file data.cif (mmCIF, C-alpha atoms)
data_structure
loop_
_atom_site.group_PDB
_atom_site.id
_atom_site.type_symbol
_atom_site.label_atom_id
_atom_site.label_comp_id
_atom_site.auth_asym_id
_atom_site.auth_seq_id
_atom_site.Cartn_x
_atom_site.Cartn_y
_atom_site.Cartn_z
ATOM 1 C CA MET A 15 20.872 10.552 -4.153
ATOM 2 C CA SER A 16 17.693 12.626 -4.343
ATOM 3 C CA ASP A 17 17.124 15.745 -2.253
ATOM 4 C CA SER A 18 14.533 13.913 -0.158
ATOM 5 C CA ALA A 19 17.134 11.298 0.741
ATOM 6 C CA ARG A 20 19.338 14.029 2.162
ATOM 7 C CA THR A 21 16.844 14.934 4.878
ATOM 8 C CA ALA A 22 17.152 13.184 8.233
ATOM 9 C CA ARG A 23 13.410 12.854 8.719
ATOM 10 C CA PHE A 24 12.822 9.142 9.153
ATOM 11 C CA GLY A 25 13.825 6.954 12.031
ATOM 12 C CA PRO A 26 13.721 7.332 15.804
ATOM 13 C CA SER A 27 13.922 10.708 17.506
ATOM 14 C CA GLY A 28 15.516 9.314 20.651
ATOM 15 C CA PRO A 29 17.577 6.383 21.937
ATOM 16 C CA CYS A 30 16.842 2.828 20.797
ATOM 17 C CA PRO A 31 18.509 0.545 23.323
ATOM 18 C CA VAL A 32 19.463 -2.963 22.232
ATOM 19 C CA SER A 33 19.131 -4.798 25.511
ATOM 20 C CA GLN A 34 20.775 -8.033 26.560
ATOM 21 C CA GLN A 35 17.331 -9.571 26.945
ATOM 22 C CA SER A 36 16.362 -8.688 23.363
ATOM 23 C CA SER A 37 19.664 -9.756 21.833
ATOM 24 C CA LEU A 38 19.560 -13.105 23.648
ATOM 25 C CA LYS A 39 16.022 -13.729 22.407
ATOM 26 C CA TRP A 40 16.942 -12.859 18.806
ATOM 27 C CA VAL A 41 20.162 -14.862 18.758
ATOM 28 C CA ASP A 42 18.549 -17.940 20.306
ATOM 29 C CA LYS A 43 15.725 -17.768 17.757
ATOM 30 C CA ALA A 44 18.150 -17.333 14.860
ATOM 31 C CA HIS A 45 20.428 -20.123 16.047
ATOM 32 C CA SER A 46 17.494 -22.526 15.965
ATOM 33 C CA LEU A 47 16.371 -21.327 12.534
ATOM 34 C CA ALA A 48 19.924 -21.433 11.166
ATOM 35 C CA ARG A 49 20.545 -25.041 12.171
ATOM 36 C CA PRO A 50 18.966 -26.667 9.076
ATOM 37 C CA LEU A 51 20.553 -24.061 6.801
ATOM 38 C CA VAL A 52 24.029 -24.747 8.187
ATOM 39 C CA GLU A 53 23.395 -28.408 7.383
ATOM 40 C CA LEU A 54 22.266 -27.548 3.844
ATOM 41 C CA ALA A 55 25.496 -25.556 3.409
ATOM 42 C CA GLY A 56 27.443 -28.839 3.411
ATOM 43 C CA ALA A 57 31.195 -28.321 3.613
ATOM 44 C CA VAL A 58 30.664 -24.570 3.949
ATOM 45 C CA GLY A 59 28.718 -25.087 7.182
ATOM 46 C CA ASP A 60 30.512 -24.869 10.514
ATOM 47 C CA ALA A 61 27.965 -25.292 13.293
ATOM 48 C CA SER A 62 28.810 -23.624 16.588
ATOM 49 C CA PRO A 63 27.204 -22.158 19.710
ATOM 50 C CA VAL A 64 26.560 -18.423 19.258
ATOM 51 C CA ALA A 65 25.903 -15.757 21.879
ATOM 52 C CA PRO A 66 25.400 -11.976 21.751
ATOM 53 C CA LYS A 67 27.605 -9.511 23.578
ATOM 54 C CA ILE A 68 26.927 -5.815 24.151
ATOM 55 C CA VAL A 69 30.020 -3.670 23.633
ATOM 56 C CA GLU A 70 29.752 -0.588 25.825
ATOM 57 C CA ASP A 71 33.163 0.974 25.176
ATOM 58 C CA PRO A 72 33.191 3.040 21.937
ATOM 59 C CA ARG A 73 36.900 2.318 21.565
ATOM 60 C CA ASP A 74 35.938 -1.286 20.813
ATOM 61 C CA TRP A 75 33.262 -0.496 18.232
ATOM 62 C CA ALA A 76 33.956 -1.626 14.671
ATOM 63 C CA PHE A 77 33.031 1.633 12.856
ATOM 64 C CA GLY A 78 31.612 3.948 15.473
ATOM 65 C CA ASN A 79 27.815 3.999 15.274
ATOM 66 C CA PHE A 80 27.800 3.076 11.583
ATOM 67 C CA MET A 81 27.840 -0.699 12.205
ATOM 68 C CA LEU A 82 25.280 -2.005 14.677
ATOM 69 C CA ALA A 83 26.620 -5.574 14.956
ATOM 70 C CA TRP A 84 29.750 -7.454 13.960
ATOM 71 C CA LEU A 85 31.281 -10.913 14.295
ATOM 72 C CA ASP A 86 33.734 -12.335 16.786
ATOM 73 C CA PRO A 87 34.444 -15.952 15.749
ATOM 74 C CA ALA A 88 37.167 -16.542 18.348
ATOM 75 C CA GLY A 89 36.530 -19.090 21.069
ATOM 76 C CA ASP A 90 34.338 -22.139 21.487
ATOM 77 C CA VAL A 91 31.264 -19.903 21.669
ATOM 78 C CA ARG A 92 31.205 -17.421 18.824
ATOM 79 C CA HIS A 93 29.858 -13.961 19.575
ATOM 80 C CA VAL A 94 27.734 -11.435 17.769
ATOM 81 C CA ARG A 95 28.954 -8.166 19.238
ATOM 82 C CA HIS A 96 26.638 -5.173 19.042
ATOM 83 C CA LEU A 97 26.212 -1.561 20.038
ATOM 84 C CA PRO A 98 24.061 -0.668 23.051
ATOM 85 C CA ASP A 99 21.936 1.751 20.999
ATOM 86 C CA ALA A 100 20.617 1.532 17.423
ATOM 87 C CA SER A 101 19.273 5.070 16.959
ATOM 88 C CA PHE A 102 22.058 6.489 14.762
ATOM 89 C CA PHE A 103 22.059 3.404 12.551
ATOM 90 C CA LEU A 104 18.282 3.553 12.084
ATOM 91 C CA ARG A 105 18.324 7.263 11.310
ATOM 92 C CA LEU A 106 21.029 6.628 8.725
ATOM 93 C CA LEU A 107 18.756 4.076 7.078
ATOM 94 C CA GLY A 108 16.000 6.665 7.293
ATOM 95 C CA ARG A 109 18.007 8.938 5.035
ATOM 96 C CA THR A 110 18.872 6.073 2.705
ATOM 97 C CA TYR A 111 15.295 4.884 2.269
ATOM 98 C CA ALA A 112 13.699 8.349 2.258
ATOM 99 C CA PRO A 113 12.693 8.288 -1.439
ATOM 100 C CA VAL A 114 10.626 5.152 -0.871
ATOM 101 C CA PHE A 115 9.264 6.356 2.475
ATOM 102 C CA ASP A 116 8.084 9.536 0.740
ATOM 103 C CA LYS A 117 6.098 7.345 -1.639
ATOM 104 C CA ARG A 118 5.159 4.671 0.903
ATOM 105 C CA PRO A 119 4.867 6.349 4.333
ATOM 106 C CA ASP A 120 3.219 3.183 5.627
ATOM 107 C CA LEU A 121 6.669 1.542 5.549
ATOM 108 C CA ALA A 122 8.500 4.252 7.509
ATOM 109 C CA PRO A 123 7.452 2.885 10.944
ATOM 110 C CA LEU A 124 9.701 -0.110 10.273
ATOM 111 C CA LEU A 125 12.538 2.019 11.625
ATOM 112 C CA LEU A 126 10.667 2.645 14.870
ATOM 113 C CA ASP A 127 10.425 -0.955 16.078
ATOM 114 C CA ASP A 128 12.981 -3.677 16.843
ATOM 115 C CA SER A 129 12.813 -5.474 13.511
ATOM 116 C CA ARG A 130 15.920 -3.962 11.880
ATOM 117 C CA PRO A 131 18.127 -4.317 14.984
ATOM 118 C CA GLU A 132 16.954 -7.925 15.133
ATOM 119 C CA MET A 133 18.058 -8.467 11.523
ATOM 120 C CA SER A 134 21.452 -6.920 12.284
ATOM 121 C CA LEU A 135 22.128 -9.578 14.882
ATOM 122 C CA THR A 136 20.393 -12.584 13.351
ATOM 123 C CA ASN A 137 22.089 -12.366 9.961
ATOM 124 C CA ASP A 138 25.421 -12.619 11.764
ATOM 125 C CA VAL A 139 24.258 -15.735 13.602
ATOM 126 C CA LEU A 140 24.081 -17.497 10.259
ATOM 127 C CA GLN A 141 27.224 -15.979 8.767
ATOM 128 C CA ILE A 142 29.378 -16.828 11.752
ATOM 129 C CA GLN A 143 28.521 -20.506 11.146
ATOM 130 C CA LEU A 144 29.674 -20.495 7.515
ATOM 131 C CA ARG A 145 33.303 -21.101 6.606
ATOM 132 C CA SER A 146 32.964 -18.633 3.746
ATOM 133 C CA ALA A 147 32.154 -15.852 6.181
ATOM 134 C CA ASP A 148 35.685 -14.498 6.560
ATOM 135 C CA PRO A 149 35.808 -11.529 4.159
ATOM 136 C CA GLY A 150 38.554 -11.879 1.601
ATOM 137 C CA ASP A 151 39.585 -9.539 -1.178
ATOM 138 C CA ASP A 152 36.696 -10.698 -3.348
ATOM 139 C CA TYR A 153 33.982 -10.672 -0.698
ATOM 140 C CA SER A 154 31.390 -7.956 -1.248
ATOM 141 C CA MET A 155 29.324 -6.637 1.631
ATOM 142 C CA ILE A 156 26.780 -5.513 -0.954
ATOM 143 C CA ARG A 157 26.528 -8.628 -3.119
ATOM 144 C CA ASN A 158 27.623 -11.565 -0.947
ATOM 145 C CA HIS A 159 26.292 -10.347 2.379
ATOM 146 C CA ALA A 160 22.844 -9.701 0.875
ATOM 147 C CA LEU A 161 22.075 -13.406 1.305
ATOM 148 C CA MET A 162 22.604 -13.219 5.059
ATOM 149 C CA LEU A 163 20.364 -10.171 5.444
ATOM 150 C CA PHE A 164 17.711 -11.586 3.140
ATOM 151 C CA ILE A 165 17.462 -14.740 5.228
ATOM 152 C CA ALA A 166 17.320 -12.621 8.384
ATOM 153 C CA ALA A 167 14.360 -10.758 6.851
ATOM 154 C CA LEU A 168 12.620 -14.070 6.180
ATOM 155 C CA TRP A 169 13.072 -14.946 9.864
ATOM 156 C CA LEU A 170 11.165 -11.889 11.082
ATOM 157 C CA ASP A 171 7.694 -12.311 12.521
ATOM 158 C CA GLU A 172 4.748 -10.900 10.617
ATOM 159 C CA PRO A 173 3.796 -8.228 9.748
ATOM 160 C CA GLN A 174 7.381 -6.922 9.807
ATOM 161 C CA ARG A 175 8.571 -9.722 7.542
ATOM 162 C CA SER A 176 6.262 -8.798 4.681
ATOM 163 C CA LYS A 177 6.789 -5.074 5.177
ATOM 164 C CA TRP A 178 10.592 -5.308 5.034
ATOM 165 C CA LEU A 179 10.441 -7.478 1.923
ATOM 166 C CA ASP A 180 8.051 -4.948 0.382
ATOM 167 C CA LEU A 181 10.465 -2.143 1.226
ATOM 168 C CA TYR A 182 13.412 -3.950 -0.366
ATOM 169 C CA ASP A 183 11.334 -4.587 -3.480
ATOM 170 C CA GLU A 184 10.361 -0.909 -3.656
ATOM 171 C CA LEU A 185 14.027 0.096 -3.343
ATOM 172 C CA VAL A 186 14.913 -2.024 -6.386
ATOM 173 C CA THR A 187 12.171 -0.264 -8.350
ATOM 174 C CA TYR A 188 13.325 3.158 -7.133
ATOM 175 C CA VAL A 189 16.929 2.597 -8.226
ATOM 176 C CA ASP A 190 15.970 1.059 -11.565
ATOM 177 C CA ASP A 191 13.588 3.927 -12.342
ATOM 178 C CA ARG A 192 16.258 6.609 -11.885
ATOM 179 C CA PRO A 193 17.714 8.001 -15.128
ATOM 180 C CA GLN A 194 21.091 6.439 -14.311
ATOM 181 C CA GLY A 195 19.594 3.138 -13.108
ATOM 182 C CA ARG A 196 21.839 0.776 -11.211
ATOM 183 C CA PRO A 197 25.586 1.325 -11.154
ATOM 184 C CA ASN A 198 27.623 -1.163 -13.153
ATOM 185 C CA LEU A 199 29.833 -3.637 -11.297
ATOM 186 C CA ASP A 200 32.919 -1.423 -11.370
ATOM 187 C CA GLU A 201 30.922 1.505 -10.030
ATOM 188 C CA LEU A 202 29.393 -0.721 -7.382
ATOM 189 C CA SER A 203 32.821 -1.855 -6.236
ATOM 190 C CA ALA A 204 34.072 1.740 -6.103
ATOM 191 C CA CYS A 205 31.021 2.727 -4.066
ATOM 192 C CA GLU A 206 31.688 -0.028 -1.553
ATOM 193 C CA THR A 207 35.375 0.816 -1.231
ATOM 194 C CA GLY A 208 34.585 4.499 -0.802
ATOM 195 C CA ALA A 209 31.923 3.838 1.801
ATOM 196 C CA PHE A 210 34.276 1.824 3.994
ATOM 197 C CA THR A 211 36.883 4.562 3.703
ATOM 198 C CA ASP A 212 34.255 6.989 4.956
ATOM 199 C CA PHE A 213 33.174 4.624 7.738
ATOM 200 C CA VAL A 214 36.699 4.806 9.137
ATOM 201 C CA GLU A 215 37.165 8.539 8.624
ATOM 202 C CA LEU A 216 33.748 9.627 9.887
ATOM 203 C CA ALA A 217 33.314 7.109 12.717
ATOM 204 C CA PRO A 218 34.588 9.527 15.424
ATOM 205 C CA LEU A 219 31.861 12.009 14.464
ATOM 206 C CA THR A 220 29.183 9.436 15.256
ATOM 207 C CA LEU A 221 30.203 9.118 18.893
ATOM 208 C CA ASP A 222 29.074 12.544 20.123
ATOM 209 C CA PRO A 223 25.345 13.329 19.804
ATOM 210 C CA ALA A 224 25.951 16.863 18.521
ATOM 211 C CA THR A 225 28.405 15.892 15.776
ATOM 212 C CA ALA A 226 26.329 12.828 14.942
ATOM 213 C CA ASP A 227 23.270 15.020 14.359
ATOM 214 C CA GLU A 228 25.300 17.382 12.194
ATOM 215 C CA LEU A 229 26.636 14.469 10.167
ATOM 216 C CA LEU A 230 23.182 13.018 9.567
ATOM 217 C CA ALA A 231 21.919 16.435 8.457
ATOM 218 C CA SER A 232 24.877 17.164 6.162
ATOM 219 C CA ASP A 233 24.335 17.533 2.430
ATOM 220 C CA HIS A 234 27.222 15.528 1.000
ATOM 221 C CA ALA A 235 29.413 13.987 3.728
ATOM 222 C CA LEU A 236 27.451 10.741 3.724
ATOM 223 C CA ASP A 237 26.894 10.390 -0.023
ATOM 224 C CA ARG A 238 29.040 7.278 -0.520
ATOM 225 C CA ILE A 239 27.692 5.651 2.646
ATOM 226 C CA LEU A 240 24.084 6.353 1.656
ATOM 227 C CA ASP A 241 24.700 4.880 -1.782
ATOM 228 C CA TYR A 242 26.317 1.836 -0.204
ATOM 229 C CA GLN A 243 23.340 1.286 2.097
ATOM 230 C CA LEU A 244 20.951 1.789 -0.806
ATOM 231 C CA TYR A 245 22.670 -0.735 -3.077
ATOM 232 C CA ALA A 246 22.962 -3.258 -0.245
ATOM 233 C CA ALA A 247 19.180 -3.030 0.127
ATOM 234 C CA VAL A 248 18.727 -3.436 -3.640
ATOM 235 C CA ALA A 249 20.775 -6.639 -3.534
ATOM 236 C CA ILE A 250 18.428 -7.995 -0.850
ATOM 237 C CA GLY A 251 15.470 -7.014 -3.003
ATOM 238 C CA LEU A 252 16.894 -8.903 -5.981
ATOM 239 C CA LEU A 253 17.144 -12.063 -3.898
ATOM 240 C CA TRP A 254 13.557 -11.604 -2.743
ATOM 241 C CA ARG A 255 12.361 -11.301 -6.344
ATOM 242 C CA GLU A 256 14.098 -14.567 -7.170
ATOM 243 C CA TYR A 257 12.920 -16.404 -4.050
ATOM 244 C CA ARG A 258 9.273 -15.382 -4.264
ATOM 245 C CA ASN A 259 8.978 -16.886 -7.761
ATOM 246 C CA LEU A 260 9.860 -20.326 -6.396
ATOM 247 C CA GLY A 261 7.387 -22.926 -5.284
ATOM 248 C CA ALA A 262 7.490 -23.948 -1.639
ATOM 249 C CA ASP A 263 8.921 -27.335 -2.651
ATOM 250 C CA ASP A 264 11.898 -25.573 -4.254
ATOM 251 C CA HIS A 265 12.990 -23.561 -1.219
ATOM 252 C CA GLU A 266 15.218 -26.233 0.317
ATOM 253 C CA GLN A 267 17.178 -26.730 -2.890
ATOM 254 C CA TRP A 268 17.462 -22.968 -3.325
ATOM 255 C CA TYR A 269 19.006 -22.638 0.127
ATOM 256 C CA ARG A 270 21.327 -25.571 -0.547
ATOM 257 C CA THR A 271 22.579 -24.091 -3.821
ATOM 258 C CA GLN A 272 22.948 -20.574 -2.470
ATOM 259 C CA LEU A 273 24.802 -21.554 0.697
ATOM 260 C CA SER A 274 26.957 -24.447 -0.483
ATOM 261 C CA GLU A 275 27.882 -23.243 -3.987
ATOM 262 C CA LEU A 276 27.023 -19.680 -4.918
ATOM 263 C CA TYR A 277 27.662 -17.671 -1.747
ATOM 264 C CA VAL A 278 31.315 -18.681 -1.689
ATOM 265 C CA ARG A 279 31.885 -17.351 -5.212
ATOM 266 C CA PRO A 280 33.393 -13.894 -5.692
ATOM 267 C CA ASP A 281 30.889 -13.150 -8.473
ATOM 268 C CA TYR A 282 27.865 -13.837 -6.279
ATOM 269 C CA LEU A 283 24.855 -11.817 -7.549
ATOM 270 C CA ASN A 284 26.856 -10.353 -10.446
ATOM 271 C CA ALA A 285 24.491 -11.848 -13.025
ATOM 272 C CA SER A 286 21.425 -10.769 -11.072
ATOM 273 C CA TRP A 287 22.804 -7.257 -10.673
ATOM 274 C CA THR A 288 23.502 -6.787 -14.373
ATOM 275 C CA GLY A 289 20.874 -9.001 -15.986
ATOM 276 C CA ASN A 290 17.711 -8.726 -13.887
ATOM 277 C CA ARG A 291 16.584 -5.364 -15.223
#

call {"tool": "encode", "arguments": {"input": "data.cif", "output": "structure tokens"}}
result
Amino acid sequence: MSDSARTARFGPSGPCPVSQQSSLKWVDKAHSLARPLVELAGAVGDASPVAPKIVEDPRDWAFGNFMLAWLDPAGDVRHVRHLPDASFFLRLLGRTYAPVFDKRPDLAPLLLDDSRPEMSLTNDVLQIQLRSADPGDDYSMIRNHALMLFIAALWLDEPQRSKWLDLYDELVTYVDDRPQGRPNLDELSACETGAFTDFVELAPLTLDPATADELLASDHALDRILDYQLYAAVAIGLLWREYRNLGADDHEQWYRTQLSELYVRPDYLNASWTGNR
């Protein structure tokens, strides 16, 4: 990670509430948009009502402030649970994307509006309606989950949609232009495992504003998490590069293939990760 990526300079300077009104609007929109995709998923699809739920008690948060939204598939109505505030999460992304924001400051305001919190909730609306969504030993939050976040980016309104896709494309270029390039698949897996270890260990530090600020400003404590967030964004960018080369008439078949066949495979995006350089 470059020195510029170690500076907590991008993202909001104060609270970013995720209100019930906003989350309801996003989830309702995503549920409507997901309906034809769940149908295209065939046997993988598992259509269900979905509702958001704010989780106020930090003891019930998945990984402190590191994870803005997470799934609760129990019950007749499945829930996308989420934090009441997105500021820490957005500032973390600000550190992750800093090398591109330094080059493209026009993209930095993306972390100051509601577009990324919206994506955090709407991608889960789709995933919670797919039978492949339960993470197993082979499920990768970098490689497999990229499809959910990519589709959530496509669902954004303009101009945020185009700007986020531009950012993800720039992040692919940034990683590929580094002397070390992309990590290989073993290194990618180790990065993901290490990041989730750190999510658990460091989560308590994200709950107090003072320790959270210190953590975001630290030189090395977040290295594995920042790399994880960076490579997750690269995976989204790789899907965008594939999708944008398709004709409009090919989009439906692309969704069908991705959702019903490829997404359920443990090697999802492996070929793109290693062969799309």

call {"tool": "resolve_selection", "arguments": {"input": "data.cif", "expression": "the PyMOL selection byres ((chain A and resi 279-282) around 7)", "output": "PDB file with C-alpha atoms, in the coordinates of the input"}}
result
ATOM      1  CA  ASP A 152      36.696 -10.698  -3.348  1.00  0.00           C
ATOM      2  CA  TYR A 153      33.982 -10.672  -0.698  1.00  0.00           C
ATOM      3  CA  ARG A 157      26.528  -8.628  -3.119  1.00  0.00           C
ATOM      4  CA  ASN A 158      27.623 -11.565  -0.947  1.00  0.00           C
ATOM      5  CA  LEU A 276      27.023 -19.680  -4.918  1.00  0.00           C
ATOM      6  CA  TYR A 277      27.662 -17.671  -1.747  1.00  0.00           C
ATOM      7  CA  VAL A 278      31.315 -18.681  -1.689  1.00  0.00           C
ATOM      8  CA  LEU A 283      24.855 -11.817  -7.549  1.00  0.00           C
ATOM      9  CA  ASN A 284      26.856 -10.353 -10.446  1.00  0.00           C
TER      10      ASN A 284
END

call {"tool": "resolve_selection", "arguments": {"input": "data.cif", "expression": "the PyMOL selection byres ((chain A and resi 110) around 7)", "output": "PyMOL selection string"}}
result
chain A and resi 19+106-109+111-112+240+243-244

call {"tool": "resolve_selection", "arguments": {"input": "data.cif", "expression": "the PyMOL selection byres ((chain A and resi 124-141) around 8)", "output": "ChimeraX atom specification"}}
result
/A:24-26,32,37,40-41,44-45,48,52,64,66,82-85,94,96,100,104-105,107-108,121-123,142-144,147,162-163,165-167,170,174,177-178

call {"tool": "residues_around", "arguments": {"input": "data.cif", "residues": "stretch 255-266 of chain A", "least_positions_apart": "3", "cutoff": "12 Å", "atoms": "all atoms listed in the file", "output": "PyMOL selection string"}}
result
chain A and resi 50-55+161+164-165+168+176+179-180+182-187+248-252+269-274+283+286-287+290-291

call {"tool": "residues_around", "arguments": {"input": "data.cif", "residues": "A:Leu219", "least_positions_apart": "6", "cutoff": "8 Å", "atoms": "only C-alpha atoms", "output": "VMD selection string"}}
result
chain A and resid 225 to 226 229

call {"tool": "closest_residue", "arguments": {"input": "data.cif", "among": "A:Asp241, A:Asp227, A:Glu172, A:Asp233", "to": "A:Pro197", "atoms": "only C-alpha atoms"}}
result
A:Asp241

call {"tool": "atom_distance", "arguments": {"input": "data.cif", "atom1": "atom CA of A:Met81", "atom2": "atom CA of A:Trp254"}}
result
23.4 Å

call {"tool": "closest_residue", "arguments": {"input": "data.cif", "among": "A:Pro29, A:Gly56, A:Gly195, A:Pro63", "to": "A:Arg92", "atoms": "only C-alpha atoms"}}
result
A:Pro63

call {"tool": "axis_aligned_box", "arguments": {"input": "data.cif", "around": "stretch 177-185 of chain A", "padding_each_side": "5 Å", "output": "JSON"}}
result
{"center_x": 10.4, "center_y": -3.7, "center_z": 0.8, "size_x": 17.2, "size_y": 17.6, "size_z": 18.8}

call {"tool": "atom_distance", "arguments": {"input": "data.cif", "atom1": "atom CA of A:Arg49", "atom2": "atom CA of A:Ala247"}}
result
25.1 Å

call {"tool": "closest_residue", "arguments": {"input": "data.cif", "among": "A:Leu199, A:Val114, A:Ala160, A:Leu221", "to": "A:Leu97", "atoms": "only C-alpha atoms"}}
result
A:Leu221

call {"tool": "atom_distance", "arguments": {"input": "data.cif", "atom1": "atom CA of A:Tyr245", "atom2": "atom CA of A:Thr288"}}
result
12.8 Å
